[in-house]
$ cat model27.txt   # compact mmCIF, C-alpha atoms and all ligand atoms
# COMPACT_ATOMS: atom_id res chain seq x y z
CA MET A 1 105.10 122.48 140.59
CA GLU A 2 106.33 119.19 142.08
CA VAL A 3 109.73 117.60 141.70
CA THR A 4 110.61 114.03 142.65
CA LEU A 5 114.30 113.20 142.97
CA LEU A 6 114.72 109.84 141.23
CA GLY A 7 118.40 109.71 142.16
CA THR A 8 120.57 111.76 144.48
CA GLY A 9 124.00 110.15 144.40
CA ALA A 10 127.28 110.18 142.55
CA PRO A 11 128.08 107.00 140.56
CA TRP A 12 129.52 104.88 143.39
CA ALA A 13 127.08 105.97 146.09
CA ALA A 14 125.74 102.47 146.59
CA GLN A 15 122.66 103.54 148.57
CA ARG A 16 121.58 106.11 146.01
CA ALA A 17 120.74 106.12 142.32
CA THR A 18 122.40 108.74 140.15
CA LEU A 19 120.89 111.99 138.99
CA GLY A 20 117.42 112.26 137.59
CA MET A 21 114.26 114.09 138.54
CA TRP A 22 110.62 114.16 137.53
CA ILE A 23 108.94 117.56 137.35
CA THR A 24 105.19 118.06 137.06
CA ALA A 25 102.78 120.98 137.15
CA PRO A 26 99.11 121.39 136.33
CA GLY A 27 98.60 121.63 132.59
CA CYS A 28 102.21 120.68 131.77
CA ALA A 29 103.65 117.53 130.26
CA PRO A 30 105.93 115.87 132.86
CA LEU A 31 109.60 116.70 132.36
CA LEU A 32 112.29 114.11 133.06
CA LEU A 33 115.39 116.16 133.88
CA ASP A 34 118.44 113.90 133.58
CA THR A 35 117.92 110.16 133.41
CA CYS A 36 119.86 108.43 136.20
CA GLY A 37 122.65 106.09 135.19
CA GLY A 38 121.13 103.41 132.99
CA MET A 39 118.78 100.56 133.82
CA GLU A 40 118.34 102.03 137.30
CA LEU A 41 116.00 104.56 135.67
CA ALA A 42 113.36 101.83 135.30
CA ARG A 43 113.66 100.86 138.97
CA GLN A 44 113.63 104.44 140.22
CA LEU A 45 110.55 105.36 138.19
CA ARG A 46 108.81 102.35 139.66
CA ARG A 47 109.98 103.14 143.20
CA ALA A 48 108.57 106.65 142.78
CA GLY A 49 105.26 105.25 141.57
CA LEU A 50 105.69 106.66 138.07
CA ASP A 51 104.58 104.87 134.94
CA ARG A 52 107.26 104.87 132.24
CA GLU A 53 104.52 105.48 129.68
CA ARG A 54 104.23 109.00 131.09
CA VAL A 55 107.77 109.86 129.96
CA GLU A 56 107.40 112.29 127.09
CA ASN A 57 109.96 115.12 127.35
CA VAL A 58 113.49 114.44 128.55
CA LEU A 59 116.09 117.16 129.17
CA VAL A 60 119.72 116.12 129.65
CA THR A 61 122.26 118.46 131.23
CA HIS A 62 125.42 116.72 130.01
CA GLN A 63 126.67 113.50 128.56
CA HIS A 64 128.16 111.91 131.68
CA LEU A 65 126.71 108.46 132.25
CA ASP A 66 125.26 109.28 135.68
CA HIS A 67 123.01 111.86 134.00
CA ALA A 68 122.51 110.62 130.43
CA GLY A 69 122.82 106.87 130.96
CA GLY A 70 119.07 106.30 131.11
CA ILE A 71 118.61 107.34 127.49
CA PRO A 72 119.40 103.89 126.04
CA THR A 73 116.98 102.45 128.59
CA LEU A 74 114.29 104.77 127.26
CA TYR A 75 115.08 103.59 123.72
CA LEU A 76 114.41 100.04 124.92
CA GLY A 77 111.22 100.79 126.82
CA LEU A 78 109.36 103.54 125.02
CA ASP A 79 108.02 104.04 121.53
CA ARG A 80 107.91 107.81 121.55
CA PHE A 81 109.74 110.56 123.43
CA THR A 82 111.72 113.74 122.79
CA VAL A 83 115.25 114.35 124.07
CA PHE A 84 116.22 117.98 124.65
CA ALA A 85 119.91 118.82 125.05
CA THR A 86 122.56 121.13 123.68
CA ALA A 87 124.19 120.11 120.41
CA ALA A 88 127.33 119.01 122.26
CA THR A 89 125.36 116.80 124.64
CA HIS A 90 123.36 115.33 121.77
CA GLU A 91 126.65 114.20 120.23
CA GLY A 92 127.53 112.37 123.42
CA ILE A 93 124.07 110.82 123.68
CA ALA A 94 124.17 109.67 120.06
CA ALA A 95 127.56 108.03 120.68
CA LEU A 96 126.16 106.33 123.78
CA VAL A 97 123.14 104.94 121.95
CA HIS A 98 125.28 103.80 119.00
CA ALA A 99 127.69 102.08 121.38
CA THR A 100 124.97 100.22 123.26
CA TYR A 101 121.93 99.60 121.03
CA PRO A 102 123.02 100.59 117.50
CA GLU A 103 120.05 98.76 116.01
CA MET A 104 117.76 101.24 117.77
CA ALA A 105 119.68 104.41 117.03
CA SER A 106 117.30 105.51 114.30
CA LYS A 107 114.12 104.69 116.19
CA ALA A 108 111.30 106.57 114.47
CA GLY A 109 109.50 107.71 117.61
CA VAL A 110 112.51 109.43 119.19
CA ALA A 111 112.81 113.12 118.42
CA ASN A 112 115.73 115.37 119.26
CA GLY A 113 115.27 118.97 120.34
CA VAL A 114 118.38 121.12 120.37
CA VAL A 115 118.38 123.67 123.17
CA GLU A 116 120.70 126.66 123.36
CA SER A 117 122.62 127.90 126.38
CA ASN A 118 121.78 131.39 127.65
CA ALA A 119 118.32 131.10 126.20
CA SER A 120 114.81 130.49 127.39
CA ARG A 121 112.30 128.18 125.74
CA GLU A 122 109.05 126.38 126.41
CA ILE A 123 109.04 122.62 126.93
CA GLY A 124 105.70 120.94 127.61
CA GLY A 125 104.26 124.05 129.25
CA PHE A 126 107.33 124.82 131.41
CA VAL A 127 109.61 127.77 130.76
CA VAL A 128 113.13 126.38 130.70
CA GLU A 129 116.37 128.39 130.77
CA LEU A 130 119.82 126.91 130.38
CA PHE A 131 123.06 128.28 131.82
CA PRO A 132 126.50 127.05 130.66
CA VAL A 133 128.39 125.98 133.77
CA VAL A 134 131.92 124.74 134.48
CA HIS A 135 132.42 120.97 134.34
CA ARG A 136 134.62 118.41 132.58
CA VAL A 137 132.34 118.27 129.54
CA PRO A 138 129.89 120.85 128.15
CA THR A 139 127.19 121.14 130.81
CA VAL A 140 124.16 123.32 131.45
CA ALA A 141 122.40 124.21 134.68
CA VAL A 142 118.64 124.38 134.30
CA ARG A 143 116.00 126.77 135.55
CA VAL A 144 112.38 125.59 135.24
CA SER A 145 109.52 127.97 135.87
CA HIS A 146 105.76 127.60 135.95
CA GLY A 147 102.90 129.44 137.62
CA GLY A 148 105.18 131.99 139.26
CA LYS A 149 107.42 129.33 140.85
CA THR A 150 110.99 128.49 139.88
CA LEU A 151 113.15 125.43 140.36
CA ALA A 152 116.90 125.57 139.64
CA PHE A 153 119.18 122.57 139.12
CA SER A 154 122.95 122.94 139.07
CA ALA A 155 123.74 119.79 137.13
CA ASP A 156 127.47 119.24 137.83
CA SER A 157 129.64 122.33 138.11
CA LEU A 158 132.37 124.13 139.91
CA PRO A 159 131.12 127.29 141.61
CA CYS A 160 130.57 129.95 138.94
CA GLU A 161 128.59 133.09 138.21
CA ALA A 162 126.36 131.28 135.71
CA LEU A 163 125.23 128.93 138.44
CA VAL A 164 124.42 131.81 140.78
CA ALA A 165 122.43 133.39 137.94
CA CYS A 166 120.56 130.12 137.41
CA ALA A 167 119.62 129.96 141.09
CA ARG A 168 118.69 133.67 141.36
CA ASP A 169 115.56 133.97 143.55
CA ALA A 170 114.62 130.36 142.77
CA ASP A 171 112.05 128.90 145.16
CA LEU A 172 114.14 125.71 145.31
CA PHE A 173 117.78 125.31 144.26
CA ILE A 174 118.78 121.67 143.82
CA CYS A 175 122.55 121.80 143.86
CA ASP A 176 125.43 119.41 143.50
CA GLY A 177 126.89 119.09 147.01
CA PHE A 178 129.45 116.40 146.33
CA VAL A 179 131.39 116.44 149.62
CA ALA A 180 131.63 118.43 152.83
CA GLU A 181 134.82 120.41 153.34
CA ALA A 182 134.86 118.85 156.81
CA ASP A 183 135.56 115.55 155.02
CA GLY A 184 139.14 116.80 154.66
CA ALA A 185 141.64 118.06 152.11
CA PRO A 186 141.73 114.90 149.94
CA MET A 187 137.95 115.08 149.46
CA ILE A 188 138.08 118.80 148.65
CA ARG A 189 140.82 118.05 146.13
CA LEU A 190 138.71 115.29 144.61
CA ALA A 191 135.78 117.70 144.24
CA ARG A 192 138.10 120.17 142.51
CA ASP A 193 139.59 117.52 140.20
CA LEU A 194 136.17 116.20 139.22
CA MET A 195 134.77 119.74 139.01
CA HIS A 196 132.05 119.66 141.64
CA PRO A 197 131.29 122.15 144.42
CA THR A 198 131.56 121.36 148.11
CA ALA A 199 128.51 121.66 150.35
CA ARG A 200 129.80 124.98 151.68
CA GLU A 201 130.26 126.35 148.16
CA ALA A 202 126.76 125.21 147.17
CA ALA A 203 125.35 127.01 150.22
CA GLU A 204 127.35 130.15 149.42
CA MET A 205 125.94 130.20 145.89
CA ALA A 206 122.39 129.68 147.19
CA THR A 207 122.91 132.56 149.62
CA ARG A 208 124.29 134.89 146.96
CA ALA A 209 121.46 133.92 144.61
CA GLY A 210 118.76 134.56 147.22
CA SER A 211 117.33 131.08 146.69
CA GLY A 212 114.33 130.27 148.85
CA ALA A 213 115.43 126.74 149.74
CA LEU A 214 118.40 124.49 149.05
CA ALA A 215 118.49 120.73 148.41
CA LEU A 216 121.91 119.07 148.11
CA VAL A 217 122.36 116.09 145.82
CA HIS A 218 125.03 114.15 143.89
CA LEU A 219 126.60 112.84 147.10
CA LEU A 220 129.91 111.04 146.81
CA ARG A 221 129.96 107.48 148.17
CA LEU A 222 132.23 108.58 151.03
CA SER A 223 130.08 111.55 151.97
CA ASP A 224 128.05 111.70 155.15
CA PRO A 225 124.65 113.35 154.48
CA ALA A 226 124.50 114.69 158.04
CA ARG A 227 127.86 116.39 157.65
CA ILE A 228 126.88 117.87 154.29
CA LEU A 229 123.65 119.19 155.77
CA GLU A 230 125.41 120.66 158.80
CA GLU A 231 128.03 122.42 156.68
CA ALA A 232 125.50 123.86 154.25
CA SER A 233 123.14 124.94 157.04
CA ASP A 234 125.95 126.91 158.68
CA VAL A 235 126.09 129.10 155.56
CA PHE A 236 122.62 129.08 154.03
CA ARG A 237 119.94 130.42 156.35
CA GLY A 238 116.88 129.18 154.47
CA PRO A 239 115.46 125.65 154.52
CA CYS A 240 118.22 123.21 153.63
CA THR A 241 117.83 119.47 153.03
CA VAL A 242 119.73 116.45 151.74
CA PRO A 243 116.96 114.42 150.10
CA ASP A 244 116.86 110.67 149.75
CA ASP A 245 115.93 109.05 146.45
CA CYS A 246 112.26 109.36 145.53
CA GLN A 247 111.68 112.31 147.85
CA THR A 248 109.24 114.87 146.45
CA TYR A 249 109.27 118.64 146.92
CA VAL A 250 106.34 120.95 146.26
CA VAL A 251 107.69 124.17 144.80
ZN ZN A 301 129.22 115.18 135.42

$ encode --input "model27.txt" --output "structure tokens"
Amino acid sequence: MEVTLLGTGAPWAAQRATLGMWITAPGCAPLLLDTCGGMELARQLRRAGLDRERVENVLVTHQHLDHAGGIPTLYLGLDRFTVFATAATHEGIAALVHATYPEMASKAGVANGVVESNASREIGGFVVELFPVVHRVPTVAVRVSHGGKTLAFSADSLPCEALVACARDADLFICDGFVAEADGAPMIRLARDLMHPTAREAAEMATRAGSGALALVHLLRLSDPARILEEASDVFRGPCTVPDDCQTYVV
């Protein structure tokens, strides 16, 4: 399985696009997991050397614009694709499409697949499990498995048991690592208010879960990647990275 991070930043991280990733495996249809923040999806796919025509299955963790914002872009650029999300997230996506391109809202080639939390299903050859996590809107963490390998993605969430369960024994845990606690009390408070974990908390969850490797994403604009990496590496003893946009991992 391979995963390319299309975006690794929070909304105002000017050097990074927002969250999206492209997952492939032999015999599977590529899975776009979250969609970056809007038109940047087109640029990030191109930067990663990916043809938009390959987009087929899209899974969205929650309705926030830095994760779901690329959906209207897909309506503009593609004739046919399927959007998988929980019912609550589909409501948010529908409102987003209606607010931006209402004339396209009933596009014939777009299908909606409703996925349930705490359940496992097959999408394009991958086994996908969703875990309800703790964020400002209904949000799911995602566990993707294929060929005996597992990738876990936190989406956005405060530390919680569901997120540890999602990351359990995953070969790679891609986790929200919004700020480092070394950034100071105001940044920790901001992470709490916006319902994100700190780098230390992400590393603690990865350790408890027995994850094989940890990648920290969703960096705040004020965050220093080196400080985030140092803080997480102090806690998590496996391979730990803070990827740049368009970096690819082999899982
Ligand atoms: Zn969010």

$ residues_around --input "model27.txt" --residues "Phe131 of chain A" --least-positions-apart "5" --cutoff "6 Å" --atoms "only C-alpha atoms" --output "PyMOL selection string"
chain A and resi 117-118+140-141+162

$ write_last_selection --input "model27.txt" --atoms "C-alpha atoms" --output "PDB file, keeping the file's coordinate frame"
ATOM      1  CA  SER A 117     122.620 127.900 126.380  1.00  0.00           C
ATOM      2  CA  ASN A 118     121.780 131.390 127.650  1.00  0.00           C
ATOM      3  CA  VAL A 140     124.160 123.320 131.450  1.00  0.00           C
ATOM      4  CA  ALA A 141     122.400 124.210 134.680  1.00  0.00           C
ATOM      5  CA  ALA A 162     126.360 131.280 135.710  1.00  0.00           C
TER       6      ALA A 162
END

$ closest_atom_pairs --input "model27.txt" --of "segment 147-196 of chain A" --to "segment 2-24 of chain A" --cutoff "10 Å" --atoms "only C-alpha atoms" --output "JSON lines"
{"residue": "A:Leu151", "atom": "CA", "partner": "A:Val3", "partner_atom": "CA", "distance": 8.6}
{"residue": "A:Phe153", "atom": "CA", "partner": "A:Met21", "partner_atom": "CA", "distance": 9.8}
{"residue": "A:Ala155", "atom": "CA", "partner": "A:Leu19", "partner_atom": "CA", "distance": 8.5}
{"residue": "A:Asp156", "atom": "CA", "partner": "A:Leu19", "partner_atom": "CA", "distance": 9.9}
{"residue": "A:Leu172", "atom": "CA", "partner": "A:Val3", "partner_atom": "CA", "distance": 9.9}
{"residue": "A:Ile174", "atom": "CA", "partner": "A:Leu5", "partner_atom": "CA", "distance": 9.6}
{"residue": "A:Asp176", "atom": "CA", "partner": "A:Thr8", "partner_atom": "CA", "distance": 9.1}
{"residue": "A:Gly177", "atom": "CA", "partner": "A:Gly9", "partner_atom": "CA", "distance": 9.8}
{"residue": "A:Phe178", "atom": "CA", "partner": "A:Ala10", "partner_atom": "CA", "distance": 7.6}

$ write_last_selection --input "model27.txt" --atoms "C-alpha atoms" --output "compact mmCIF listing (two decimals), keeping the file's coordinate frame"
# COMPACT_ATOMS: atom_id res chain seq x y z
CA LEU A 151 113.15 125.43 140.36
CA PHE A 153 119.18 122.57 139.12
CA ALA A 155 123.74 119.79 137.13
CA ASP A 156 127.47 119.24 137.83
CA LEU A 172 114.14 125.71 145.31
CA ILE A 174 118.78 121.67 143.82
CA ASP A 176 125.43 119.41 143.50
CA GLY A 177 126.89 119.09 147.01
CA PHE A 178 129.45 116.40 146.33

$ residues_near_ligand --input "model27.txt" --ligand "ligand ZN 301 (chain A)" --cutoff "9 Å" --atoms "all atoms listed in the file" --output "compact mmCIF listing (two decimals) with C-alpha atoms, in the coordinates of the input"
# COMPACT_ATOMS: atom_id res chain seq x y z
CA ALA A 10 127.28 110.18 142.55
CA THR A 61 122.26 118.46 131.23
CA HIS A 62 125.42 116.72 130.01
CA GLN A 63 126.67 113.50 128.56
CA HIS A 64 128.16 111.91 131.68
CA LEU A 65 126.71 108.46 132.25
CA ASP A 66 125.26 109.28 135.68
CA HIS A 67 123.01 111.86 134.00
CA HIS A 135 132.42 120.97 134.34
CA ARG A 136 134.62 118.41 132.58
CA VAL A 137 132.34 118.27 129.54
CA THR A 139 127.19 121.14 130.81
CA ALA A 155 123.74 119.79 137.13
CA ASP A 156 127.47 119.24 137.83
CA SER A 157 129.64 122.33 138.11
CA LEU A 194 136.17 116.20 139.22
CA MET A 195 134.77 119.74 139.01
CA HIS A 196 132.05 119.66 141.64

$ residues_around --input "model27.txt" --residues "Cys28 of chain A" --least-positions-apart "6" --cutoff "9 Å" --atoms "all atoms listed in the file" --output "JSON list (two decimals) with C-alpha atoms, in the coordinates of the input"
[["chain", "number", "residue", "atom", "x", "y", "z"],
["A", 123, "ILE", "CA", 109.04, 122.62, 126.93],
["A", 124, "GLY", "CA", 105.70, 120.94, 127.61],
["A", 125, "GLY", "CA", 104.26, 124.05, 129.25],
["A", 126, "PHE", "CA", 107.33, 124.82, 131.41],
["A", 146, "HIS", "CA", 105.76, 127.60, 135.95]]

$ atom_distance --input "model27.txt" --atom1 "atom CA of Asp245 of chain A" --atom2 "atom CA of Leu190 of chain A"
23.7 Å

$ atom_distance --input "model27.txt" --atom1 "atom CA of Gly49 of chain A" --atom2 "atom CA of His90 of chain A"
28.7 Å

$ residues_around --input "model27.txt" --residues "Glu181 of chain A" --least-positions-apart "6" --cutoff "12 Å" --atoms "all atoms listed in the file" --output "VMD selection string"
chain A and resid 187 to 192 197 to 203 223 to 224 227 to 232

$ atom_distance --input "model27.txt" --atom1 "atom CA of Ala119 of chain A" --atom2 "atom CA of Asp169 of chain A"
17.8 Å

$ axis_aligned_box --input "model27.txt" --around "segment 188-201 of chain A" --padding-each-side "8 Å" --output "JSON"
{"center_x": 134.7, "center_y": 120.8, "center_z": 145.3, "size_x": 28.3, "size_y": 27.1, "size_z": 28.7}

$ closest_residue --input "model27.txt" --among "A:Val60, A:Ala165, A:Ala170, A:Val133" --to "Gly148 of chain A" --atoms "only C-alpha atoms"
A:Ala170
